[in-house]
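Dumped data17.pdb below, it's PDB, C-alpha atoms:
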ATOM      1  CA  MET A  27      83.863  94.186 131.360
ATOM      2  CA  ALA A  28      87.593  94.585 131.920
ATOM      3  CA  PRO A  29      89.530  96.614 129.333
ATOM      4  CA  ILE A  30      90.970  94.494 126.537
ATOM      5  CA  GLY A  31      94.109  96.603 126.619
ATOM      6  CA  THR A  32      95.608 100.078 126.494
ATOM      7  CA  ILE A  33      96.105 102.488 123.623
ATOM      8  CA  TRP A  34      98.733 105.217 123.514
ATOM      9  CA  GLY A  35      97.906 107.888 120.949
ATOM     10  CA  ASP A  36      97.165 111.526 120.248
ATOM     11  CA  ILE A  37      93.459 112.181 119.624
ATOM     12  CA  ARG A  38      94.469 114.749 116.977
ATOM     13  CA  GLN A  39      95.960 111.861 115.008
ATOM     14  CA  ARG A  40      93.622 110.286 112.445
ATOM     15  CA  GLN A  41      94.826 106.757 113.231
ATOM     16  CA  THR A  42      93.929 107.192 116.888
ATOM     17  CA  LYS A  43      90.452 108.473 115.961
ATOM     18  CA  VAL A  44      89.889 105.368 113.821
ATOM     19  CA  ILE A  45      91.044 102.986 116.566
ATOM     20  CA  LEU A  46      88.843 104.548 119.248
ATOM     21  CA  SER A  47      85.839 104.580 116.896
ATOM     22  CA  ILE A  48      86.236 100.913 115.976
ATOM     23  CA  ALA A  49      86.580  99.968 119.649
ATOM     24  CA  ALA A  50      83.449 101.920 120.583
ATOM     25  CA  LEU A  51      81.373 100.501 117.744
ATOM     26  CA  ASN A  52      82.561  96.961 118.433
ATOM     27  CA  GLY A  53      81.736  97.177 122.147
ATOM     28  CA  LEU A  54      85.365  96.916 123.273
ATOM     29  CA  ASP A  55      86.557  98.580 126.468
ATOM     30  CA  LEU A  56      89.873 100.160 125.477
ATOM     31  CA  GLN A  57      91.831 102.102 128.071
ATOM     32  CA  GLN A  58      93.475 105.349 126.918
ATOM     33  CA  ALA A  59      96.842 105.981 128.524
ATOM     34  CA  PRO A  60      97.722 109.605 129.407
ATOM     35  CA  PHE A  61      99.794 110.867 126.512
ATOM     36  CA  GLU A  62     101.873 113.941 125.686
ATOM     37  CA  PHE A  63     103.482 113.857 122.262
ATOM     38  CA  GLY A  64     107.249 114.132 122.332
ATOM     39  CA  VAL A  65     107.317 113.350 126.057
ATOM     40  CA  THR A  66     105.410 110.114 126.698
ATOM     41  CA  ASN A  67     106.683 108.404 123.551
ATOM     42  CA  LYS A  68     110.284 109.295 124.448
ATOM     43  CA  SER A  69     110.054 108.127 128.051
ATOM     44  CA  PRO A  70     112.040 105.059 129.174
ATOM     45  CA  GLU A  71     108.818 103.331 130.223
ATOM     46  CA  PHE A  72     107.216 103.748 126.786
ATOM     47  CA  LEU A  73     110.390 102.829 124.894
ATOM     48  CA  SER A  74     110.781  99.690 126.972
ATOM     49  CA  LYS A  75     107.451  98.560 125.545
ATOM     50  CA  PHE A  76     107.715 100.126 122.077
ATOM     51  CA  PRO A  77     111.383 100.724 121.175
ATOM     52  CA  TYR A  78     110.591 102.555 117.926
ATOM     53  CA  GLY A  79     108.760 105.239 119.908
ATOM     54  CA  LYS A  80     105.874 105.464 117.441
ATOM     55  CA  ILE A  81     102.173 106.010 118.073
ATOM     56  CA  PRO A  82      99.530 104.767 118.078
ATOM     57  CA  ALA A  83     100.656 101.785 120.117
ATOM     58  CA  PHE A  84      98.583  99.045 121.752
ATOM     59  CA  GLU A  85      99.189  96.579 124.571
ATOM     60  CA  ASP A  86      96.581  93.980 125.451
ATOM     61  CA  SER A  87      95.712  92.743 128.931
ATOM     62  CA  GLU A  88      98.234  89.906 128.600
ATOM     63  CA  GLY A  89     101.125  92.187 127.613
ATOM     64  CA  TRP A  90     100.994  91.483 123.869
ATOM     65  CA  LYS A  91     101.979  94.593 121.910
ATOM     66  CA  LEU A  92     101.109  95.996 118.503
ATOM     67  CA  THR A  93     101.937  99.174 116.577
ATOM     68  CA  GLU A  94     100.837 100.861 113.312
ATOM     69  CA  GLY A  95      97.400 102.476 113.263
ATOM     70  CA  THR A  96      95.615 100.430 110.614
ATOM     71  CA  THR A  97      97.074  97.191 111.981
ATOM     72  CA  ILE A  98      95.682  97.945 115.443
ATOM     73  CA  ALA A  99      92.312  98.937 113.979
ATOM     74  CA  ARG A 100      92.199  95.737 111.946
ATOM     75  CA  TYR A 101      92.916  93.645 115.048
ATOM     76  CA  LEU A 102      90.153  95.389 117.020
ATOM     77  CA  SER A 103      87.795  94.938 114.066
ATOM     78  CA  ASP A 104      88.432  91.217 114.136
ATOM     79  CA  ILE A 105      88.127  90.452 117.856
ATOM     80  CA  GLY A 106      84.899  92.265 118.700
ATOM     81  CA  GLY A 107      82.624  90.133 116.580
ATOM     82  CA  LYS A 108      79.763  92.655 116.539
ATOM     83  CA  SER A 109      80.095  93.711 112.910
ATOM     84  CA  ASP A 110      81.679  92.678 109.626
ATOM     85  CA  PHE A 111      84.230  95.497 109.670
ATOM     86  CA  LEU A 112      86.548  93.446 107.474
ATOM     87  CA  GLY A 113      83.869  92.234 105.060
ATOM     88  CA  SER A 114      81.485  89.298 105.185
ATOM     89  CA  ASN A 115      83.259  87.157 102.588
ATOM     90  CA  ALA A 116      86.610  86.898 100.789
ATOM     91  CA  LYS A 117      85.635  89.317  98.015
ATOM     92  CA  GLU A 118      84.350  91.962 100.407
ATOM     93  CA  THR A 119      87.477  91.596 102.540
ATOM     94  CA  ALA A 120      89.599  92.184  99.454
ATOM     95  CA  LEU A 121      87.565  95.299  98.655
ATOM     96  CA  VAL A 122      87.973  96.577 102.222
ATOM     97  CA  ASP A 123      91.738  96.153 101.832
ATOM     98  CA  GLN A 124      91.619  97.901  98.469
ATOM     99  CA  TRP A 125      89.908 100.979  99.887
ATOM    100  CA  ILE A 126      92.156 101.088 102.953
ATOM    101  CA  HIS A 127      95.156 101.106 100.638
ATOM    102  CA  PHE A 128      93.583 103.774  98.414
ATOM    103  CA  ALA A 129      92.677 106.018 101.354
ATOM    104  CA  GLU A 130      96.094 105.806 102.955
ATOM    105  CA  HIS A 131      98.235 106.151  99.845
ATOM    106  CA  GLU A 132      96.219 108.196  97.368
ATOM    107  CA  ILE A 133      94.645 110.638  99.841
ATOM    108  CA  GLY A 134      96.551 110.218 103.090
ATOM    109  CA  ALA A 135     100.010 110.566 101.527
ATOM    110  CA  PRO A 136      99.386 113.875  99.712
ATOM    111  CA  VAL A 137      97.465 115.243 102.715
ATOM    112  CA  SER A 138     100.448 114.415 104.916
ATOM    113  CA  GLY A 139     102.535 116.310 102.396
ATOM    114  CA  ALA A 140     100.195 119.273 102.757
ATOM    115  CA  PHE A 141     100.546 119.193 106.521
ATOM    116  CA  GLY A 142     104.301 119.064 106.147
ATOM    117  CA  LEU A 143     104.323 122.032 103.805
ATOM    118  CA  VAL A 144     102.006 124.149 105.920
ATOM    119  CA  TYR A 145     103.647 123.279 109.214
ATOM    120  CA  GLY A 146     107.182 123.342 107.898
ATOM    121  CA  SER A 147     108.160 119.709 108.241
ATOM    122  CA  SER A 148     108.458 118.499 104.634
ATOM    123  CA  GLY A 149     108.916 119.521 101.043
ATOM    124  CA  PRO A 150     106.553 120.446  98.168
ATOM    125  CA  PHE A 151     102.964 119.262  98.162
ATOM    126  CA  THR A 152     101.493 118.060  94.882
ATOM    127  CA  ARG A 153      97.832 119.059  94.981
ATOM    128  CA  GLU A 154      97.069 117.413  91.641
ATOM    129  CA  ARG A 155      97.395 113.945  93.136
ATOM    130  CA  LEU A 156      94.892 114.735  95.862
ATOM    131  CA  VAL A 157      92.384 116.246  93.404
ATOM    132  CA  ARG A 158      92.644 113.198  91.151
ATOM    133  CA  ALA A 159      91.999 110.847  94.082
ATOM    134  CA  LEU A 160      89.070 112.865  95.429
ATOM    135  CA  THR A 161      87.458 113.121  91.991
ATOM    136  CA  TYR A 162      87.699 109.369  91.554
ATOM    137  CA  LEU A 163      86.344 108.742  95.048
ATOM    138  CA  GLU A 164      83.419 111.120  94.549
ATOM    139  CA  SER A 165      82.418 109.299  91.350
ATOM    140  CA  TYR A 166      82.712 105.920  93.082
ATOM    141  CA  LEU A 167      80.519 106.968  96.006
ATOM    142  CA  ALA A 168      77.874 108.020  93.490
ATOM    143  CA  THR A 169      77.527 104.324  92.618
ATOM    144  CA  ARG A 170      77.032 103.252  96.239
ATOM    145  CA  PRO A 171      73.347 103.287  97.309
ATOM    146  CA  SER A 172      74.335 102.271 100.845
ATOM    147  CA  GLY A 173      76.676 105.231 101.198
ATOM    148  CA  TYR A 174      79.465 102.899 102.331
ATOM    149  CA  LEU A 175      82.549 101.815 100.412
ATOM    150  CA  VAL A 176      81.878  98.070 100.574
ATOM    151  CA  GLY A 177      78.602  96.242 101.148
ATOM    152  CA  ASN A 178      75.662  97.672 103.057
ATOM    153  CA  SER A 179      77.251  98.442 106.415
ATOM    154  CA  VAL A 180      80.265 100.275 107.775
ATOM    155  CA  THR A 181      83.683  98.597 107.483
ATOM    156  CA  LEU A 182      87.209  99.434 108.554
ATOM    157  CA  ALA A 183      87.772 100.911 105.083
ATOM    158  CA  ASP A 184      85.138 103.582 105.790
ATOM    159  CA  PHE A 185      86.889 104.574 109.009
ATOM    160  CA  VAL A 186      90.326 104.736 107.399
ATOM    161  CA  LEU A 187      88.849 106.893 104.630
ATOM    162  CA  VAL A 188      87.127 109.350 106.954
ATOM    163  CA  GLY A 189      90.376 109.554 108.906
ATOM    164  CA  VAL A 190      92.301 110.912 105.929
ATOM    165  CA  VAL A 191      89.403 113.076 104.691
ATOM    166  CA  HIS A 192      88.914 114.596 108.143
ATOM    167  CA  GLN A 193      92.630 115.399 108.278
ATOM    168  CA  ALA A 194      92.489 116.917 104.797
ATOM    169  CA  ALA A 195      89.647 119.249 105.844
ATOM    170  CA  ILE A 196      91.834 120.662 108.594
ATOM    171  CA  VAL A 197      94.425 121.964 106.145
ATOM    172  CA  SER A 198      93.889 121.418 102.427
ATOM    173  CA  LEU A 199      90.120 121.166 101.820
ATOM    174  CA  GLY A 200      88.339 124.419 102.541
ATOM    175  CA  ALA A 201      84.640 125.224 102.275
ATOM    176  CA  ALA A 202      84.796 125.448  98.472
ATOM    177  CA  GLU A 203      86.367 122.013  98.175
ATOM    178  CA  ARG A 204      83.931 120.499 100.662
ATOM    179  CA  ALA A 205      81.058 121.873  98.592
ATOM    180  CA  GLN A 206      82.622 120.328  95.494
ATOM    181  CA  TYR A 207      82.952 116.842  97.013
ATOM    182  CA  THR A 208      79.506 116.535  98.553
ATOM    183  CA  LEU A 209      79.350 112.738  98.563
ATOM    184  CA  ILE A 210      82.736 112.402 100.239
ATOM    185  CA  PHE A 211      81.693 114.686 103.066
ATOM    186  CA  ALA A 212      78.263 113.072 103.284
ATOM    187  CA  HIS A 213      80.130 109.794 103.761
ATOM    188  CA  LEU A 214      82.237 111.377 106.502
ATOM    189  CA  ALA A 215      79.105 112.637 108.282
ATOM    190  CA  LYS A 216      77.387 109.261 107.942
ATOM    191  CA  VAL A 217      80.300 107.251 109.321
ATOM    192  CA  THR A 218      81.219 109.614 112.167
ATOM    193  CA  GLY A 219      77.710 110.523 113.316
ATOM    194  CA  ASP A 220      77.354 107.691 115.830
ATOM    195  CA  GLU A 221      77.009 109.085 119.363
ATOM    196  CA  ARG A 222      79.353 106.399 120.711
ATOM    197  CA  PHE A 223      82.385 108.033 119.069
ATOM    198  CA  LYS A 224      81.141 111.272 117.512
ATOM    199  CA  GLN A 225      83.274 113.291 119.926
ATOM    200  CA  TYR A 226      86.462 112.138 118.214
ATOM    201  CA  TRP A 227      85.466 113.699 114.890
ATOM    202  CA  SER A 228      84.804 117.365 115.614
ATOM    203  CA  THR A 229      84.643 119.628 112.550
ATOM    204  CA  GLU A 230      85.525 122.776 114.489
ATOM    205  CA  LYS A 231      89.035 122.880 113.061
ATOM    206  CA  PHE A 232      87.933 122.533 109.441
ATOM    207  CA  VAL A 233      89.399 125.430 107.472
ATOM    208  CA  GLU A 234      87.297 127.856 105.443
ATOM    209  CA  VAL A 235      90.087 128.367 102.932
ATOM    210  CA  ALA A 236      92.716 125.773 102.060
ATOM    211  CA  ALA A 237      96.008 126.626 103.726
ATOM    212  CA  THR A 238      98.817 127.576 101.366
ATOM    213  CA  GLU A 239     101.509 128.915 103.676
ATOM    214  CA  PRO A 240     103.120 127.963 106.992
ATOM    215  CA  LYS A 241     101.051 128.465 110.130
ATOM    216  CA  THR A 242     101.099 127.563 113.811
ATOM    217  CA  LEU A 243     100.189 123.955 114.458
ATOM    218  CA  ASP A 244      96.752 123.969 116.097
ATOM    219  CA  PHE A 245      94.519 121.057 115.255
TER     220      PHE A 245
END

Encoding of this model in structure tokens:
Amino acid sequence: MAPIGTIWGDIRQRQTKVILSIAALNGLDLQQAPFEFGVTNKSPEFLSKFPYGKIPAFEDSEGWKLTEGTTIARYLSDIGGKSDFLGSNAKETALVDQWIHFAEHEIGAPVSGAFGLVYGSSGPFTRERLVRALTYLESYLATRPSGYLVGNSVTLADFVLVGVVHQAAIVSLGAAERAQYTLIFAHLAKVTGDERFKQYWSTEKFVEVAATEPKTLDF
């Protein structure tokens, strides 16, 4: 089968991990363009396609282009047809959207703040917001016999969630925190354990102790 298109992205980036996982699980052949951050996305060739210079970025086989990580993942969820990644009915679709929004804004935003603090690219990080979100999420997962956020099978919301949780474990959730939020990390293991995309979700960079001071970027 010919590739449906090309993705430009950094595999260290959670959005890129989600996109590649959805493509693999949905049986889509997605070509990965060679990419060097700060070089490829500033090149004239890239900017001619994507003037904002942002990744991840997608171009299909007909030249149609799309940016923003969750938007690309949603599109790939919809066209594969192998699974109900977006929910099997209107109510489930609404719940998938709810959990995508929660993951990105209530966990992803403070985790991005933590990365900025540790790596020197932003201001103060409010840990309380992250703890509140994780506590709520842990209690919600306790009500889910399937282990998934919505319904009885994996959806795009699960991938977006593990994207932000995986990123958090690289900087702001050490071993103690991972032991505290057992259901959250069981969910991460469940969603990312598929051999078709397991390689994108290595835990080797997970920190033992939550970072609290600037360090060299290596994730």

Original post:
Quick one: residues within 10 Å of A:Pro77, only C-alpha atoms counted, chain neighbours fewer than 6 positions away excluded, as a list in words?
Top reply: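 Once the nearby chain positions are removed, what remains is Asn67, Lys68, Pro70 and Glu71 of chain A.
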
Original post:
If we count only C-alpha atoms, what is near A:Thr208 at a cut-off of 8 Å, once residues fewer than 4 positions away on the same chain are taken out, given as an NGL selection string?
Top reply: :A and (164 or 204 or 212)

**OP:** Quick one: residues within 6 Å of (91.4, 95.4, 123.5) (file frame), counting all atoms listed in the file, please, as JSON, numbers by chain.
**Re:** {"A": [30, 31, 56, 86]}

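Note that atom CA of A:Pro29 and atom CA of A:Ile81 are 19.4 Å apart.
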
Subject >> Residues in the PyMOL selection byres ((chain A and resi 94) around 10), expressed as a list in words >> reply: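 Matching residues under the PyMOL selection byres ((chain A and resi 94) around 10) are Gln41, Lys80, Ile81, Pro82, Ala83, Phe84, Leu92, Thr93, Gly95, Thr96, Thr97, Ile98 and Ala99 of chain A.
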